[in-house]
Amino acid sequence: MQSATAELKDIREASGAMLPEDRVARTMDLQEDIAAKIEILKSDSATELELLPQGEKVPGDAQAFKDELARITKYVTDLQESTKIECDKYSNDVKYWAEYRTGIKEFTPWLVGAEKATGEGLAKPADLAEVKSLNEKVLSFEKNCVNYLK
């Protein structure tokens with residue numbers, strides 16, 4: 001299980017160089033490995049209950065085995081919990097990353113159009129009707145900008 005701890009540490013430290021999807025995949029694989037180890041520990045605990053004496057007066061070697069089994073079980077359970085927490089964090093990262101990419105895809109065409117419109121400038125109005133039309137155009141552009149700001 002030391003390798004699982006090292007794997008989790010590696011995922012945490014290399015997270016900047018990995019895609020969020022890769023981090024989720026690696027932590028999910030690690031969770032599967034840990035779940036398999038927990039099943040083995042459950043069967044070992046059942047065997048321990050059958051074979052070793054229970055109660056207050058347990059021989060020293062049997063108690064040492066029981067203590068070691070309890071220590072390993074606690075270690076693997078804690079590792080499972082921390083791996084699940086990391087996986088949840090990375091799953092949120094994937095969700096936020098997808099929202100970001102979707103937002104960029106929606107925002108970029110509007111931004112290109114807005115930059116083009118501002119580059120064209122405004123024509124000098126000749127009469128009141130053109131002033132009103134130009135005012136409508138500017139106000140709708142401003143409203144559009146405010147909507148994309150949100």
# chains A, B, ... in the order shown; residues from 1 in each chain; ligands from 1
call {"tool": "residues_around", "arguments": {"residues": "Ile85 in chain A", "least_positions_apart": "3", "cutoff": "12 Å", "atoms": "only C-alpha atoms", "output": "CSV table (one decimal) with all heavy atoms, in the first residue's frame"}}
result
chain,number,residue,atom,x,y,z
A,8,LEU,N,-0.8,8.4,-5.0
A,8,LEU,CA,-1.7,9.5,-4.7
A,8,LEU,C,-0.9,10.8,-4.6
A,8,LEU,O,-1.3,11.8,-5.1
A,8,LEU,CB,-2.5,9.2,-3.4
A,8,LEU,CG,-3.5,10.3,-3.0
A,8,LEU,CD1,-4.5,10.5,-4.1
A,8,LEU,CD2,-4.1,9.9,-1.7
A,12,ARG,N,-1.1,14.2,-6.9
A,12,ARG,CA,-1.2,15.6,-6.3
A,12,ARG,C,-0.1,16.5,-6.8
A,12,ARG,O,-0.4,17.6,-7.2
A,12,ARG,CB,-1.1,15.5,-4.8
A,12,ARG,CG,-2.4,15.0,-4.1
A,12,ARG,CD,-2.2,15.0,-2.6
A,12,ARG,NE,-3.3,14.4,-1.9
A,12,ARG,CZ,-3.1,13.7,-0.8
A,12,ARG,NH1,-2.0,13.5,-0.3
A,12,ARG,NH2,-4.2,13.2,-0.2
A,24,VAL,N,-8.6,12.4,-12.7
A,24,VAL,CA,-9.8,11.6,-12.2
A,24,VAL,C,-9.6,10.2,-12.6
A,24,VAL,O,-9.8,9.3,-11.7
A,24,VAL,CB,-11.0,12.2,-12.9
A,24,VAL,CG1,-12.2,11.3,-12.6
A,24,VAL,CG2,-11.3,13.6,-12.4
A,27,THR,N,-7.0,8.6,-10.2
A,27,THR,CA,-7.5,8.4,-8.8
A,27,THR,C,-8.6,7.3,-8.8
A,27,THR,O,-8.7,6.6,-7.8
A,27,THR,CB,-8.1,9.7,-8.2
A,27,THR,OG1,-9.0,10.3,-9.1
A,27,THR,CG2,-7.0,10.7,-7.9
A,28,MET,N,-9.4,7.2,-9.8
A,28,MET,CA,-10.4,6.1,-9.8
A,28,MET,C,-9.8,4.8,-9.9
A,28,MET,O,-10.2,3.8,-9.3
A,28,MET,CB,-11.4,6.4,-11.0
A,28,MET,CG,-12.3,7.6,-10.8
A,28,MET,SD,-13.4,7.8,-12.1
A,28,MET,CE,-14.8,6.9,-11.5
A,31,GLN,N,-8.6,4.0,-6.5
A,31,GLN,CA,-9.7,3.6,-5.7
A,31,GLN,C,-10.1,2.2,-5.9
A,31,GLN,O,-10.4,1.5,-4.9
A,31,GLN,CB,-10.9,4.5,-5.9
A,31,GLN,CG,-10.9,5.9,-5.3
A,31,GLN,CD,-12.1,6.7,-5.6
A,31,GLN,OE1,-12.6,6.7,-6.7
A,31,GLN,NE2,-12.6,7.4,-4.5
A,78,ASP,N,-8.0,4.8,5.8
A,78,ASP,CA,-7.7,6.3,5.7
A,78,ASP,C,-7.2,6.6,4.3
A,78,ASP,O,-7.6,7.7,3.7
A,78,ASP,CB,-6.6,6.6,6.7
A,78,ASP,CG,-7.1,6.6,8.1
A,78,ASP,OD1,-8.3,6.5,8.3
A,78,ASP,OD2,-6.2,6.6,9.0
A,79,LEU,N,-6.4,5.7,3.7
A,79,LEU,CA,-6.0,6.0,2.3
A,79,LEU,C,-7.2,6.0,1.3
A,79,LEU,O,-7.2,6.8,0.4
A,79,LEU,CB,-5.0,4.9,1.9
A,79,LEU,CG,-4.4,5.0,0.5
A,79,LEU,CD1,-3.5,6.3,0.4
A,79,LEU,CD2,-3.5,3.8,0.2
A,80,GLN,N,-8.1,5.1,1.5
A,80,GLN,CA,-9.3,5.1,0.7
A,80,GLN,C,-10.1,6.4,0.8
A,80,GLN,O,-10.5,7.0,-0.2
A,80,GLN,CB,-10.2,3.9,1.1
A,80,GLN,CG,-11.5,3.8,0.2
A,80,GLN,CD,-12.3,2.6,0.7
A,80,GLN,OE1,-12.5,2.4,1.8
A,80,GLN,NE2,-13.0,2.0,-0.3
A,81,GLU,N,-10.2,6.9,2.0
A,81,GLU,CA,-11.0,8.1,2.3
A,81,GLU,C,-10.3,9.3,1.6
A,81,GLU,O,-10.9,10.2,0.9
A,81,GLU,CB,-11.1,8.4,3.8
A,81,GLU,CG,-12.1,7.5,4.4
A,81,GLU,CD,-12.1,7.6,5.9
A,81,GLU,OE1,-11.5,8.6,6.5
A,81,GLU,OE2,-12.7,6.7,6.6
A,82,SER,N,-8.9,9.4,1.8
A,82,SER,CA,-8.2,10.5,1.2
A,82,SER,C,-8.2,10.4,-0.4
A,82,SER,O,-8.3,11.5,-1.0
A,82,SER,CB,-6.8,10.6,1.7
A,82,SER,OG,-6.0,9.5,1.3
A,88,ASP,N,-12.9,13.4,-5.8
A,88,ASP,CA,-14.0,14.4,-5.8
A,88,ASP,C,-13.5,15.8,-6.2
A,88,ASP,O,-14.2,16.5,-7.0
A,88,ASP,CB,-14.7,14.5,-4.4
A,88,ASP,CG,-15.5,13.2,-4.1
A,88,ASP,OD1,-15.8,12.4,-5.1
A,88,ASP,OD2,-15.9,13.0,-2.9
A,89,LYS,N,-12.4,16.2,-5.7
A,89,LYS,CA,-11.8,17.5,-6.0
A,89,LYS,C,-11.5,17.5,-7.5
A,89,LYS,O,-11.8,18.5,-8.2
A,89,LYS,CB,-10.5,17.7,-5.2
A,89,LYS,CG,-10.7,18.0,-3.8
A,89,LYS,CD,-9.3,18.2,-3.1
A,89,LYS,CE,-9.4,18.3,-1.6
A,89,LYS,NZ,-8.0,18.4,-1.0
A,90,TYR,N,-10.9,16.5,-8.0
A,90,TYR,CA,-10.5,16.4,-9.4
A,90,TYR,C,-11.8,16.4,-10.3
A,90,TYR,O,-11.8,16.9,-11.4
A,90,TYR,CB,-9.6,15.3,-9.7
A,90,TYR,CG,-8.2,15.4,-9.0
A,90,TYR,CD1,-7.6,14.3,-8.5
A,90,TYR,CD2,-7.7,16.6,-8.7
A,90,TYR,CE1,-6.4,14.4,-7.8
A,90,TYR,CE2,-6.5,16.7,-8.0
A,90,TYR,CZ,-5.8,15.6,-7.6
A,90,TYR,OH,-4.6,15.7,-6.9
A,91,SER,N,-12.8,15.7,-9.8
A,91,SER,CA,-14.1,15.7,-10.6
A,91,SER,C,-14.6,17.1,-10.7
A,91,SER,O,-15.2,17.4,-11.8
A,91,SER,CB,-15.1,14.7,-9.9
A,91,SER,OG,-14.6,13.4,-10.0
A,92,ASN,N,-14.6,17.8,-9.6
A,92,ASN,CA,-15.0,19.2,-9.7
A,92,ASN,C,-14.1,20.0,-10.6
A,92,ASN,O,-14.6,20.9,-11.4
A,92,ASN,CB,-15.0,19.9,-8.3
A,92,ASN,CG,-16.2,19.5,-7.4
A,92,ASN,OD1,-17.2,19.1,-8.0
A,92,ASN,ND2,-16.0,19.5,-6.1
call {"tool": "residues_around", "arguments": {"residues": "Lys137 in chain A", "least_positions_apart": "4", "cutoff": "12 Å", "atoms": "only C-alpha atoms", "output": "ChimeraX atom specification"}}
result
/A:117-118,121-123,130-133,141-144
call {"tool": "select_by_dssp", "arguments": {"residues": "chain A", "states": "helix (DSSP H, G or I)", "output": "PyMOL selection string"}}
result
chain A and resi 2-13+20-51+60-120+128-149
call {"tool": "residues_around", "arguments": {"residues": "range 58-71 of chain A", "least_positions_apart": "5", "cutoff": "12 Å", "atoms": "only C-alpha atoms", "output": "PyMOL selection string"}}
result
chain A and resi 38+40-49+51-53+76-78
call {"tool": "write_last_selection", "arguments": {"atoms": "N, CA and C atoms", "output": "PDB file, in the first residue's frame"}}
result
ATOM      1  N   ILE A  38      -9.064  -3.786   0.430  1.00  0.00           N
ATOM      2  CA  ILE A  38      -9.975  -3.794   1.577  1.00  0.00           C
ATOM      3  C   ILE A  38     -10.740  -5.121   1.638  1.00  0.00           C
ATOM      4  N   ILE A  40      -9.596  -7.968   0.689  1.00  0.00           N
ATOM      5  CA  ILE A  40      -8.628  -8.937   1.229  1.00  0.00           C
ATOM      6  C   ILE A  40      -8.527  -8.780   2.742  1.00  0.00           C
ATOM      7  N   LEU A  41      -8.483  -7.539   3.200  1.00  0.00           N
ATOM      8  CA  LEU A  41      -8.391  -7.291   4.642  1.00  0.00           C
ATOM      9  C   LEU A  41      -9.633  -7.776   5.383  1.00  0.00           C
ATOM     10  N   LYS A  42     -10.797  -7.656   4.748  1.00  0.00           N
ATOM     11  CA  LYS A  42     -12.024  -8.161   5.376  1.00  0.00           C
ATOM     12  C   LYS A  42     -11.954  -9.674   5.553  1.00  0.00           C
ATOM     13  N   SER A  43     -11.469 -10.360   4.531  1.00  0.00           N
ATOM     14  CA  SER A  43     -11.356 -11.819   4.646  1.00  0.00           C
ATOM     15  C   SER A  43     -10.296 -12.194   5.684  1.00  0.00           C
ATOM     16  N   ASP A  44      -9.213 -11.411   5.755  1.00  0.00           N
ATOM     17  CA  ASP A  44      -8.192 -11.659   6.783  1.00  0.00           C
ATOM     18  C   ASP A  44      -8.751 -11.444   8.185  1.00  0.00           C
ATOM     19  N   SER A  45      -9.599 -10.434   8.338  1.00  0.00           N
ATOM     20  CA  SER A  45     -10.216 -10.176   9.645  1.00  0.00           C
ATOM     21  C   SER A  45     -11.136 -11.327  10.033  1.00  0.00           C
ATOM     22  N   ALA A  46     -11.877 -11.847   9.073  1.00  0.00           N
ATOM     23  CA  ALA A  46     -12.754 -12.986   9.351  1.00  0.00           C
ATOM     24  C   ALA A  46     -11.928 -14.211   9.749  1.00  0.00           C
ATOM     25  N   THR A  47     -10.815 -14.423   9.052  1.00  0.00           N
ATOM     26  CA  THR A  47      -9.929 -15.545   9.378  1.00  0.00           C
ATOM     27  C   THR A  47      -9.337 -15.361  10.767  1.00  0.00           C
ATOM     28  N   GLU A  48      -8.975 -14.146  11.086  1.00  0.00           N
ATOM     29  CA  GLU A  48      -8.406 -13.841  12.411  1.00  0.00           C
ATOM     30  C   GLU A  48      -9.420 -14.153  13.509  1.00  0.00           C
ATOM     31  N   LEU A  49     -10.676 -13.825  13.283  1.00  0.00           N
ATOM     32  CA  LEU A  49     -11.707 -14.121  14.280  1.00  0.00           C
ATOM     33  C   LEU A  49     -11.893 -15.625  14.469  1.00  0.00           C
ATOM     34  N   LEU A  51      -9.507 -18.066  13.800  1.00  0.00           N
ATOM     35  CA  LEU A  51      -8.314 -18.788  14.214  1.00  0.00           C
ATOM     36  C   LEU A  51      -7.723 -18.332  15.552  1.00  0.00           C
ATOM     37  N   LEU A  52      -7.730 -17.049  15.799  1.00  0.00           N
ATOM     38  CA  LEU A  52      -7.044 -16.544  16.987  1.00  0.00           C
ATOM     39  C   LEU A  52      -8.008 -16.437  18.160  1.00  0.00           C
ATOM     40  N   PRO A  53      -7.469 -16.592  19.335  1.00  0.00           N
ATOM     41  CA  PRO A  53      -8.312 -16.482  20.534  1.00  0.00           C
ATOM     42  C   PRO A  53      -8.807 -15.042  20.711  1.00  0.00           C
ATOM     43  N   VAL A  76      -5.253   1.535   5.364  1.00  0.00           N
ATOM     44  CA  VAL A  76      -5.884   1.378   4.047  1.00  0.00           C
ATOM     45  C   VAL A  76      -7.223   2.119   4.010  1.00  0.00           C
ATOM     46  N   THR A  77      -7.965   2.083   5.097  1.00  0.00           N
ATOM     47  CA  THR A  77      -9.237   2.810   5.147  1.00  0.00           C
ATOM     48  C   THR A  77      -9.001   4.315   5.044  1.00  0.00           C
ATOM     49  N   ASP A  78      -8.004   4.824   5.764  1.00  0.00           N
ATOM     50  CA  ASP A  78      -7.670   6.253   5.675  1.00  0.00           C
ATOM     51  C   ASP A  78      -7.216   6.619   4.263  1.00  0.00           C
TER      52      ASP A  78
END
call {"tool": "atom_distance", "arguments": {"atom1": "CA of Glu106 in chain A", "atom2": "CA of Cys87 in chain A"}}
result
28.7 Å
call {"tool": "closest_residue", "arguments": {"among": "A:Ile11, A:Glu50, A:Leu134, A:Glu99", "to": "Ala25 in chain A", "atoms": "only C-alpha atoms"}}
result
A:Ile11
call {"tool": "closest_residue", "arguments": {"among": "A:Ala114, A:Leu19, A:Leu30, A:Val138", "to": "Thr83 in chain A", "atoms": "only C-alpha atoms"}}
result
A:Leu30
call {"tool": "atom_distance", "arguments": {"atom1": "CA of Phe107 in chain A", "atom2": "CA of Tyr148 in chain A"}}
result
7.4 Å
call {"tool": "decode", "arguments": {"residues": "range 96-109 of chain A", "atoms": "N, CA and C atoms", "output": "tab-separated table (two decimals), in the first residue's frame"}}
result
chain	number	residue	atom	x	y	z
A	96	TYR	N	-15.50	22.24	-13.74
A	96	TYR	CA	-15.19	23.66	-13.93
A	96	TYR	C	-14.41	23.90	-15.22
A	97	TRP	N	-13.53	22.97	-15.56
A	97	TRP	CA	-12.76	23.08	-16.79
A	97	TRP	C	-13.69	23.02	-18.01
A	98	ALA	N	-14.67	22.13	-17.97
A	98	ALA	CA	-15.63	22.02	-19.07
A	98	ALA	C	-16.47	23.30	-19.18
A	99	GLU	N	-16.90	23.83	-18.03
A	99	GLU	CA	-17.65	25.08	-18.05
A	99	GLU	C	-16.81	26.22	-18.62
A	100	TYR	N	-15.54	26.25	-18.27
A	100	TYR	CA	-14.64	27.28	-18.77
A	100	TYR	C	-14.50	27.18	-20.29
A	101	ARG	N	-14.25	25.97	-20.78
A	101	ARG	CA	-14.09	25.80	-22.23
A	101	ARG	C	-15.37	26.14	-22.98
A	102	THR	N	-16.52	25.77	-22.42
A	102	THR	CA	-17.80	26.11	-23.05
A	102	THR	C	-17.99	27.61	-23.06
A	103	GLY	N	-17.65	28.26	-21.97
A	103	GLY	CA	-17.77	29.71	-21.90
A	103	GLY	C	-16.88	30.41	-22.91
A	104	ILE	N	-15.67	29.91	-23.08
A	104	ILE	CA	-14.75	30.49	-24.06
A	104	ILE	C	-15.32	30.33	-25.47
A	105	LYS	N	-15.88	29.16	-25.76
A	105	LYS	CA	-16.44	28.93	-27.08
A	105	LYS	C	-17.61	29.86	-27.37
A	106	GLU	N	-18.39	30.18	-26.35
A	106	GLU	CA	-19.51	31.10	-26.53
A	106	GLU	C	-19.05	32.55	-26.59
A	107	PHE	N	-18.04	32.88	-25.81
A	107	PHE	CA	-17.61	34.27	-25.67
A	107	PHE	C	-16.74	34.75	-26.83
A	108	THR	N	-15.90	33.89	-27.36
A	108	THR	CA	-14.94	34.30	-28.39
A	108	THR	C	-15.62	34.88	-29.63
A	109	PRO	N	-16.63	34.26	-30.21
A	109	PRO	CA	-17.26	34.86	-31.39
A	109	PRO	C	-17.86	36.24	-31.10
